[in-house]
file model.txt (compact mmCIF, C-alpha atoms (C1' of nucleotides))
# COMPACT_ATOMS: atom_id res chain seq x y z
CA MET F 1 -1.88 20.83 9.68
CA SER F 2 -5.49 20.07 9.04
CA ASP F 3 -4.88 16.51 10.17
CA LEU F 4 -7.75 15.65 7.93
CA ILE F 5 -6.12 12.69 6.27
CA ARG F 6 -3.56 10.14 7.30
CA VAL F 7 -2.19 7.53 4.96
CA ASP F 8 -0.16 4.43 5.63
CA VAL F 9 2.00 3.60 2.67
CA ASN F 10 2.74 0.13 4.04
CA SER F 11 -0.85 -0.90 4.64
CA GLY F 12 -1.17 -2.62 1.30
CA VAL F 13 -4.18 -0.46 0.48
CA PRO F 14 -3.46 1.93 -2.41
CA VAL F 15 -2.90 5.49 -1.22
CA PHE F 16 -5.41 7.02 -3.63
CA ARG F 17 -8.05 4.67 -2.24
CA GLN F 18 -7.22 5.61 1.35
CA ILE F 19 -7.71 9.27 0.46
CA VAL F 20 -11.06 8.55 -1.17
CA GLU F 21 -12.32 6.56 1.79
CA GLN F 22 -11.29 9.10 4.41
CA LEU F 23 -12.72 12.06 2.56
CA ARG F 24 -15.91 10.11 2.01
CA VAL F 25 -16.23 9.62 5.75
CA HIS F 26 -15.45 13.25 6.54
CA ILE F 27 -18.17 14.38 4.14
CA ALA F 28 -20.72 11.95 5.52
CA SER F 29 -19.93 12.96 9.09
CA GLY F 30 -20.37 16.61 8.35
CA ARG F 31 -16.81 17.53 9.26
CA LEU F 32 -16.64 18.65 5.66
CA GLY F 33 -19.80 20.53 4.79
CA ALA F 34 -21.34 21.73 1.55
CA GLY F 35 -19.18 24.36 -0.11
CA ASP F 36 -16.10 23.64 1.94
CA GLU F 37 -12.90 23.68 -0.03
CA ILE F 38 -10.74 20.59 -0.05
CA PRO F 39 -6.99 21.15 0.41
CA SER F 40 -5.22 21.48 -2.93
CA THR F 41 -3.49 18.56 -4.60
CA ARG F 42 -0.10 20.14 -4.06
CA MET F 43 -0.80 20.83 -0.38
CA LEU F 44 -2.04 17.32 0.30
CA SER F 45 0.68 15.66 -1.71
CA GLN F 46 3.29 17.54 0.28
CA ASP F 47 1.67 16.77 3.64
CA LEU F 48 1.31 13.09 2.84
CA GLY F 49 4.59 12.70 1.04
CA VAL F 50 3.01 11.32 -2.11
CA ASN F 51 2.76 12.41 -5.70
CA PRO F 52 0.27 15.14 -6.70
CA MET F 53 -1.12 12.85 -9.36
CA THR F 54 -1.96 10.29 -6.72
CA VAL F 55 -4.10 12.87 -4.96
CA SER F 56 -5.66 13.94 -8.22
CA LYS F 57 -6.64 10.37 -8.95
CA ALA F 58 -8.53 10.29 -5.67
CA PHE F 59 -10.31 13.52 -6.55
CA VAL F 60 -11.51 12.11 -9.84
CA LEU F 61 -13.05 9.12 -8.08
CA LEU F 62 -14.80 11.34 -5.54
CA GLU F 63 -16.24 13.42 -8.34
CA GLU F 64 -17.58 10.28 -10.02
CA GLU F 65 -19.34 9.46 -6.77
CA GLY F 66 -20.97 12.88 -6.87
CA LEU F 67 -19.52 13.92 -3.52
CA VAL F 68 -17.39 16.83 -4.73
CA GLU F 69 -17.45 19.28 -7.58
CA ARG F 70 -14.51 19.84 -9.85
CA ARG F 71 -14.23 23.33 -11.30
CA PRO F 72 -11.40 24.10 -13.71
CA GLY F 73 -8.83 26.35 -12.09
CA LEU F 74 -10.54 26.36 -8.72
CA PRO F 75 -10.19 24.16 -5.65
CA LEU F 76 -12.55 21.22 -5.17
CA ILE F 77 -15.61 21.91 -3.10
CA VAL F 78 -17.97 19.59 -1.31
CA ARG F 79 -21.31 19.33 -3.09
CA PRO F 80 -24.51 20.08 -1.20
CA ARG F 81 -26.40 17.01 -0.14
CA ARG F 82 -29.97 16.56 1.00
CA ARG F 83 -30.31 15.80 4.68
CA ASP F 84 -31.95 12.43 4.13
CA ALA F 85 -29.36 11.43 1.54
CA ALA F 86 -26.57 12.32 3.97
CA ASP F 87 -28.20 10.20 6.66
CA GLN F 88 -28.45 7.31 4.25
CA ASP F 89 -24.78 7.71 3.45
CA ARG F 90 -23.81 7.56 7.10
CA THR F 91 -25.84 4.44 7.69
CA ALA F 92 -24.53 2.84 4.52
CA LEU F 93 -20.94 3.48 5.54
CA LEU F 94 -21.42 1.96 8.97
CA GLU F 95 -23.31 -0.98 7.48
CA ALA F 96 -20.53 -1.68 5.03
CA SER F 97 -18.07 -1.52 7.89
CA LEU F 98 -20.11 -3.94 9.97
CA GLU F 99 -20.81 -6.38 7.17
CA GLN F 100 -17.65 -8.41 7.61
CA ALA F 101 -18.11 -8.46 11.38
CA VAL F 102 -21.52 -10.03 10.84
CA GLN F 103 -20.13 -12.83 8.73
CA MET F 104 -17.27 -13.29 11.15
CA ALA F 105 -19.58 -13.74 14.13
CA ARG F 106 -21.63 -16.22 12.13
CA GLN F 107 -18.66 -18.29 11.05
CA LEU F 108 -17.26 -18.35 14.55
CA GLY F 109 -20.58 -19.45 15.94
CA ILE F 110 -20.78 -16.47 18.27
CA SER F 111 -24.30 -15.58 19.28
CA THR F 112 -25.97 -12.32 18.38
CA THR F 113 -26.12 -11.43 22.05
CA GLN F 114 -22.44 -11.99 22.66
CA ALA F 115 -21.33 -10.26 19.48
CA THR F 116 -23.51 -7.25 20.18
CA ALA F 117 -22.22 -7.05 23.73
CA LEU F 118 -18.64 -7.09 22.52
CA TYR F 119 -19.31 -4.31 20.03
CA ARG F 120 -20.97 -2.17 22.67
CA ARG F 121 -18.08 -2.69 25.06
CA MET F 122 -15.54 -1.71 22.41
CA LEU F 123 -17.51 1.41 21.59
CA SER F 124 -17.65 2.40 25.25
CA GLU F 125 -13.96 1.81 25.84
CA CYS F 126 -13.21 3.96 22.85
CA ASP F 127 -14.95 6.87 24.56
CA ASP F 128 -12.51 6.88 27.45
CA GLY F 129 -9.29 6.56 25.46
CA MET N 1 -16.40 -30.50 -2.44
CA SER N 2 -15.27 -29.41 0.97
CA ASP N 3 -16.51 -25.91 0.27
CA LEU N 4 -14.06 -24.91 2.96
CA ILE N 5 -12.61 -21.95 1.16
CA ARG N 6 -13.87 -19.48 -1.38
CA VAL N 7 -11.67 -16.86 -2.97
CA ASP N 8 -12.52 -13.83 -5.04
CA VAL N 9 -9.71 -13.04 -7.42
CA ASN N 10 -11.16 -9.61 -8.17
CA SER N 11 -11.56 -8.48 -4.58
CA GLY N 12 -8.21 -6.73 -4.50
CA VAL N 13 -7.20 -8.79 -1.50
CA PRO N 14 -4.33 -11.16 -2.32
CA VAL N 15 -5.48 -14.74 -2.74
CA PHE N 16 -2.90 -16.16 -0.33
CA ARG N 17 -4.16 -13.78 2.34
CA GLN N 18 -7.76 -14.80 1.75
CA ILE N 19 -6.76 -18.41 2.26
CA VAL N 20 -4.92 -17.61 5.49
CA GLU N 21 -7.82 -15.64 6.91
CA GLN N 22 -10.44 -18.24 6.10
CA LEU N 23 -8.43 -21.15 7.45
CA ARG N 24 -7.70 -19.13 10.58
CA VAL N 25 -11.42 -18.69 11.11
CA HIS N 26 -12.18 -22.35 10.46
CA ILE N 27 -9.59 -23.36 13.04
CA ALA N 28 -10.87 -20.89 15.60
CA SER N 29 -14.47 -21.96 15.06
CA GLY N 30 -13.61 -25.61 15.54
CA ARG N 31 -14.71 -26.64 12.07
CA LEU N 32 -11.10 -27.71 11.70
CA GLY N 33 -9.95 -29.52 14.84
CA ALA N 34 -6.59 -30.61 16.18
CA GLY N 35 -4.98 -33.27 14.02
CA ASP N 36 -7.25 -32.64 11.03
CA GLU N 37 -5.46 -32.73 7.72
CA ILE N 38 -5.74 -29.67 5.55
CA PRO N 39 -6.50 -30.31 1.87
CA SER N 40 -3.32 -30.57 -0.16
CA THR N 41 -1.89 -27.65 -2.06
CA ARG N 42 -2.70 -29.30 -5.37
CA MET N 43 -6.27 -30.08 -4.31
CA LEU N 44 -6.92 -26.58 -3.10
CA SER N 45 -5.17 -24.94 -6.03
CA GLN N 46 -7.33 -26.93 -8.43
CA ASP N 47 -10.54 -26.13 -6.58
CA LEU N 48 -9.74 -22.44 -6.40
CA GLY N 49 -8.18 -22.14 -9.82
CA VAL N 50 -4.91 -20.75 -8.55
CA ASN N 51 -1.32 -21.88 -8.45
CA PRO N 52 -0.12 -24.44 -5.89
CA MET N 53 2.59 -22.02 -4.77
CA THR N 54 -0.03 -19.48 -3.87
CA VAL N 55 -1.59 -22.01 -1.54
CA SER N 56 1.80 -22.99 -0.18
CA LYS N 57 2.55 -19.40 0.70
CA ALA N 58 -0.60 -19.31 2.77
CA PHE N 59 0.50 -22.49 4.54
CA VAL N 60 3.84 -20.97 5.47
CA LEU N 61 2.12 -18.00 7.07
CA LEU N 62 -0.23 -20.24 9.03
CA GLU N 63 2.72 -22.22 10.30
CA GLU N 64 4.41 -19.01 11.45
CA GLU N 65 1.27 -18.24 13.43
CA GLY N 66 1.58 -21.62 15.09
CA LEU N 67 -1.82 -22.78 13.88
CA VAL N 68 -0.67 -25.69 11.71
CA GLU N 69 2.27 -28.04 11.56
CA ARG N 70 4.33 -28.57 8.44
CA ARG N 71 5.91 -31.98 8.00
CA PRO N 72 8.10 -32.68 4.94
CA GLY N 73 6.32 -34.96 2.51
CA LEU N 74 3.17 -35.11 4.58
CA PRO N 75 -0.03 -33.07 4.58
CA LEU N 76 -0.42 -30.13 6.92
CA ILE N 77 -2.27 -30.81 10.14
CA VAL N 78 -3.98 -28.51 12.58
CA ARG N 79 -2.02 -28.12 15.80
CA PRO N 80 -3.67 -28.83 19.13
CA ARG N 81 -4.76 -25.76 21.01
CA ARG N 82 -5.75 -25.25 24.62
CA ARG N 83 -9.41 -24.51 25.14
CA ASP N 84 -8.82 -21.12 26.67
CA ALA N 85 -6.40 -20.14 23.93
CA ALA N 86 -8.97 -21.11 21.32
CA ASP N 87 -11.58 -18.99 23.04
CA GLN N 88 -9.20 -16.08 23.09
CA ASP N 89 -8.60 -16.56 19.39
CA ARG N 90 -12.30 -16.42 18.62
CA THR N 91 -12.77 -13.24 20.58
CA ALA N 92 -9.66 -11.70 19.06
CA LEU N 93 -10.88 -12.44 15.55
CA LEU N 94 -14.24 -10.86 16.15
CA GLU N 95 -12.61 -7.90 17.86
CA ALA N 96 -10.29 -7.33 14.95
CA SER N 97 -13.26 -7.52 12.64
CA LEU N 98 -15.18 -4.98 14.72
CA GLU N 99 -12.29 -2.60 15.18
CA GLN N 100 -12.82 -0.66 12.00
CA ALA N 101 -16.55 -0.49 12.65
CA VAL N 102 -15.80 1.14 15.98
CA GLN N 103 -13.67 3.83 14.43
CA MET N 104 -16.22 4.32 11.68
CA ALA N 105 -19.06 4.89 14.13
CA ARG N 106 -16.89 7.34 16.05
CA GLN N 107 -15.87 9.31 12.99
CA LEU N 108 -19.44 9.44 11.75
CA GLY N 109 -20.64 10.66 15.12
CA ILE N 110 -23.05 7.76 15.47
CA SER N 111 -23.94 6.99 19.05
CA THR N 112 -23.05 3.74 20.77
CA THR N 113 -26.74 2.96 21.10
CA GLN N 114 -27.51 3.46 17.44
CA ALA N 115 -24.43 1.61 16.22
CA THR N 116 -25.11 -1.33 18.50
CA ALA N 117 -28.72 -1.46 17.39
CA LEU N 118 -27.69 -1.54 13.76
CA TYR N 119 -25.26 -4.38 14.38
CA ARG N 120 -27.86 -6.40 16.23
CA ARG N 121 -30.36 -5.90 13.43
CA MET N 122 -27.86 -7.00 10.80
CA LEU N 123 -27.04 -10.10 12.82
CA SER N 124 -30.71 -10.98 13.15
CA GLU N 125 -31.46 -10.48 9.49
CA CYS N 126 -28.55 -12.74 8.67
CA ASP N 127 -30.29 -15.55 10.57
CA ASP N 128 -33.30 -15.55 8.27
CA GLY N 129 -31.45 -15.34 4.95
C1' DC M 1 -2.47 41.22 -19.25
C1' DG M 2 0.66 38.84 -16.24
C1' DG M 3 1.84 36.23 -12.00
C1' DG M 4 0.64 32.78 -8.99
C1' DG M 5 -2.89 29.88 -7.65
C1' DT M 6 -6.00 25.85 -8.95
C1' DG M 7 -6.66 20.74 -11.25
C1' DT M 8 -5.18 17.51 -14.88
C1' DA M 9 -3.67 15.07 -19.24
C1' DT M 10 0.27 12.71 -20.94
C1' DT M 11 4.29 9.94 -21.10
C1' DG M 12 7.85 7.06 -19.53
C1' DC M 13 9.89 4.66 -16.06
C1' DT M 14 10.77 2.03 -11.54
C1' DT M 15 9.25 -0.84 -8.13
C1' DG M 16 7.22 -4.41 -5.61
C1' DA M 17 3.61 -7.59 -4.64
C1' DC M 18 1.41 -11.31 -6.61
C1' DA M 19 0.86 -15.23 -9.25
C1' DT M 20 3.04 -18.53 -12.05
C1' DA M 21 6.09 -22.48 -14.11
C1' DT M 22 9.55 -25.68 -13.35
C1' DA M 23 12.11 -28.71 -10.79
C1' DC M 24 13.32 -30.75 -6.57
C1' DA M 25 13.18 -33.21 -1.75
C1' DC M 26 10.60 -35.75 1.11
C1' DC M 27 7.30 -39.52 2.80
C1' DC M 28 4.37 -43.59 2.60
C1' DC M 29 3.35 -48.01 0.82
C1' DG M 30 3.20 -51.86 -2.15
C1' DC P 1 13.10 -49.37 -4.95
C1' DG P 2 9.68 -47.06 -7.52
C1' DG P 3 5.31 -44.61 -8.13
C1' DG P 4 2.33 -41.28 -6.56
C1' DG P 5 1.37 -38.54 -2.85
C1' DT P 6 3.03 -34.51 0.04
C1' DG P 7 5.22 -29.43 0.45
C1' DT P 8 8.42 -25.99 -1.52
C1' DA P 9 12.84 -23.55 -3.29
C1' DT P 10 14.09 -21.14 -7.31
C1' DA P 11 13.44 -18.37 -11.20
C1' DT P 12 10.33 -16.05 -14.33
C1' DG P 13 6.37 -13.40 -15.69
C1' DT P 14 2.94 -9.82 -14.90
C1' DC P 15 0.42 -5.98 -13.62
C1' DA P 16 -1.05 -2.11 -10.84
C1' DA P 17 0.79 1.58 -8.05
C1' DG P 18 3.53 5.14 -7.71
C1' DC P 19 7.08 8.60 -9.14
C1' DA P 20 8.72 12.15 -12.03
C1' DA P 21 8.71 15.70 -15.49
C1' DT P 22 6.35 18.19 -18.65
C1' DA P 23 2.75 20.72 -20.43
C1' DC P 24 -1.67 22.51 -20.49
C1' DA P 25 -6.25 25.02 -19.24
C1' DC P 26 -8.38 27.57 -16.13
C1' DC P 27 -9.32 31.21 -12.43
C1' DC P 28 -8.52 35.14 -9.40
C1' DC P 29 -6.52 39.45 -8.56
C1' DG P 30 -3.53 43.30 -8.82
call {"tool": "encode", "arguments": {"input": "model.txt", "output": "structure tokens"}}
result
Amino acid sequence: MSDLIRVDVNSGVPVFRQIVEQLRVHIASGRLGAGDEIPSTRMLSQDLGVNPMTVSKAFVLLEEEGLVERRPGLPLIVRPRRRDAADQDRTALLEASLEQAVQMARQLGISTTQATALYRRMLSECDDG
Amino acid sequence: MSDLIRVDVNSGVPVFRQIVEQLRVHIASGRLGAGDEIPSTRMLSQDLGVNPMTVSKAFVLLEEEGLVERRPGLPLIVRPRRRDAADQDRTALLEASLEQAVQMARQLGISTTQATALYRRMLSECDDG
DNA sequence: CGGGGTGTATTGCTTGACATATACACCCCG
DNA sequence: CGGGGTGTATATGTCAAGCAATACACCCCG
């Protein structure tokens, strides 16, 4: 339905961690805004074909990060976030994602110019498709 | 010694996979050239503090990729590689490394310009440090 | 207050990937 | 041919992930 989350059981990455990471991105991007309700554990577990407890485990981690609010008996909601903090989150996420690409370019001896050009090209191509 | 490989047992990524990935990069970058002998399983396992079989498993995978040659009773050697193929490998490795950063920028709604600028800055800063 | 919704603690169990320990086959070289 | 090097097949151990079932606490709403 919501198509909010997709998990790959065979990716080697634990499912609960995939859920955490994807929700984290959705919150940072604004697709999930303050006060929005997150689909229930039973809903998600059915959609994804995993155990409800697996989803719950992801929720606990998100709450420890301060991104969502757990209220007994009620669905999880996204916590409000200051504009500047949200911007920092977005940058931090992209930075983390680029970190390994930086080291890779260095180890391969690829110049900053070439690496940057490749990244820009990939971003552009992604627009079309 | 060789400082060719470093593994982090607590990274969550399987050790044998870390070895494969790092050797793959070293071969693509030219740090390991055609005919070069790869440190023995016992050497590497001692350096890294892991089991020889863990190293061996990495070797098998590299052989399946066609990057090294296994010879019974003899050390592994790097297989010769055509120049253009090597160049393709380097680009492919960097592309694979950038792939997730592309999707991340898209999902976060960060523009191509901004994302590219961030990558360039990170690459530059890496030069100093 | 009762029914149906929410999230979760608990327990036990299965599974599979990962790492390990042991033993073996092979090669080179003196 | 024998010792010390190579890689590795086989079996064993181990641990986190996931599944399942149960039970609980809470909330909303009629």
call {"tool": "closest_atom_pairs", "arguments": {"input": "model.txt", "of": "chain M", "to": "chain F", "cutoff": "9 Å", "atoms": "only C-alpha atoms (C1' of nucleotides)", "output": "JSON lines"}}
result
{"residue": "M:DG5", "atom": "C1'", "partner": "F:Gly73", "partner_atom": "CA", "distance": 8.2}
{"residue": "M:DT6", "atom": "C1'", "partner": "F:Gly73", "partner_atom": "CA", "distance": 4.3}
{"residue": "M:DG7", "atom": "C1'", "partner": "F:Gly73", "partner_atom": "CA", "distance": 6.1}
{"residue": "M:DT8", "atom": "C1'", "partner": "F:Ser56", "partner_atom": "CA", "distance": 7.6}
call {"tool": "atom_distance", "arguments": {"input": "model.txt", "atom1": "atom C1' of M:DT10", "atom2": "atom C1' of P:DG18"}}
result
15.6 Å
call {"tool": "residues_near_point", "arguments": {"input": "model.txt", "point": "(2.0, 19.3, -21.3)", "cutoff": "10 Å", "atoms": "all atoms listed in the file", "output": "PDB file with C-alpha atoms (C1' of nucleotides), in the coordinates of the input"}}
result
ATOM      1  C1'  DT M   8      -5.180  17.510 -14.880  1.00  0.00           C
ATOM      2  C1'  DA M   9      -3.670  15.070 -19.240  1.00  0.00           C
ATOM      3  C1'  DT M  10       0.270  12.710 -20.940  1.00  0.00           C
ATOM      4  C1'  DT M  11       4.290   9.940 -21.100  1.00  0.00           C
TER       5       DT M  11
ATOM      6  C1'  DA P  21       8.710  15.700 -15.490  1.00  0.00           C
ATOM      7  C1'  DT P  22       6.350  18.190 -18.650  1.00  0.00           C
ATOM      8  C1'  DA P  23       2.750  20.720 -20.430  1.00  0.00           C
ATOM      9  C1'  DC P  24      -1.670  22.510 -20.490  1.00  0.00           C
TER      10       DC P  24
END
call {"tool": "interface_residues", "arguments": {"input": "model.txt", "of": "chain P", "to": "chain N", "cutoff": "8 Å", "atoms": "all atoms listed in the file", "output": "list of chain:residue names"}}
result
P:DT6, P:DG7, P:DT8
call {"tool": "atom_distance", "arguments": {"input": "model.txt", "atom1": "atom CA of F:Ile5", "atom2": "atom CA of F:Leu44"}}
result
8.6 Å
call {"tool": "closest_residue", "arguments": {"input": "model.txt", "among": "F:Val102, F:Ile77, F:Leu48, F:Ala58", "to": "chain N", "atoms": "all atoms listed in the file"}}
result
F:Val102
call {"tool": "closest_residue", "arguments": {"input": "model.txt", "among": "F:Leu4, F:Ala34, F:Ile110, F:Ala101", "to": "chain N", "atoms": "only C-alpha atoms"}}
result
F:Ala101
call {"tool": "residues_around", "arguments": {"input": "model.txt", "residues": "M:DA17", "least_positions_apart": "4", "cutoff": "10 Å", "atoms": "only C-alpha atoms (C1' of nucleotides)", "output": "list of chain:residue names"}}
result
F:Gly12, N:Pro14, P:DC15, P:DA16
call {"tool": "atom_distance", "arguments": {"input": "model.txt", "atom1": "atom CA of F:Gly33", "atom2": "atom CA of F:Val9"}}
result
27.7 Å
call {"tool": "residues_near_point", "arguments": {"input": "model.txt", "point": "(-17.4, -10.4, 13.7)", "cutoff": "6 Å", "atoms": "only C-alpha atoms (C1' of nucleotides)", "output": "PyMOL selection string"}}
result
(chain F and resi 101-102+104-105) or (chain N and resi 94+97-98)
call {"tool": "interface_residues", "arguments": {"input": "model.txt", "of": "chain F", "to": "chain N", "cutoff": "9 Å", "atoms": "all atoms listed in the file", "output": "PyMOL selection string"}}
result
chain F and resi 13+25-26+28-31+90-91+93-113+115-120+122-124+126-127
call {"tool": "residues_around", "arguments": {"input": "model.txt", "residues": "stretch 11-14 of chain P", "least_positions_apart": "5", "cutoff": "9 Å", "atoms": "all atoms listed in the file", "output": "MDAnalysis selection string"}}
result
chainID M and resid 18:22
call {"tool": "residues_around", "arguments": {"input": "model.txt", "residues": "P:DG4", "least_positions_apart": "4", "cutoff": "12 Å", "atoms": "all atoms listed in the file", "output": "ChimeraX atom specification"}}
result
/N:73 /M:27-30
call {"tool": "axis_aligned_box", "arguments": {"input": "model.txt", "around": "stretch 102-115 of chain N", "padding_each_side": "8 Å", "output": "JSON"}}
result
{"center_x": -20.6, "center_y": 5.9, "center_z": 16.4, "size_x": 29.8, "size_y": 25.5, "size_z": 25.4}
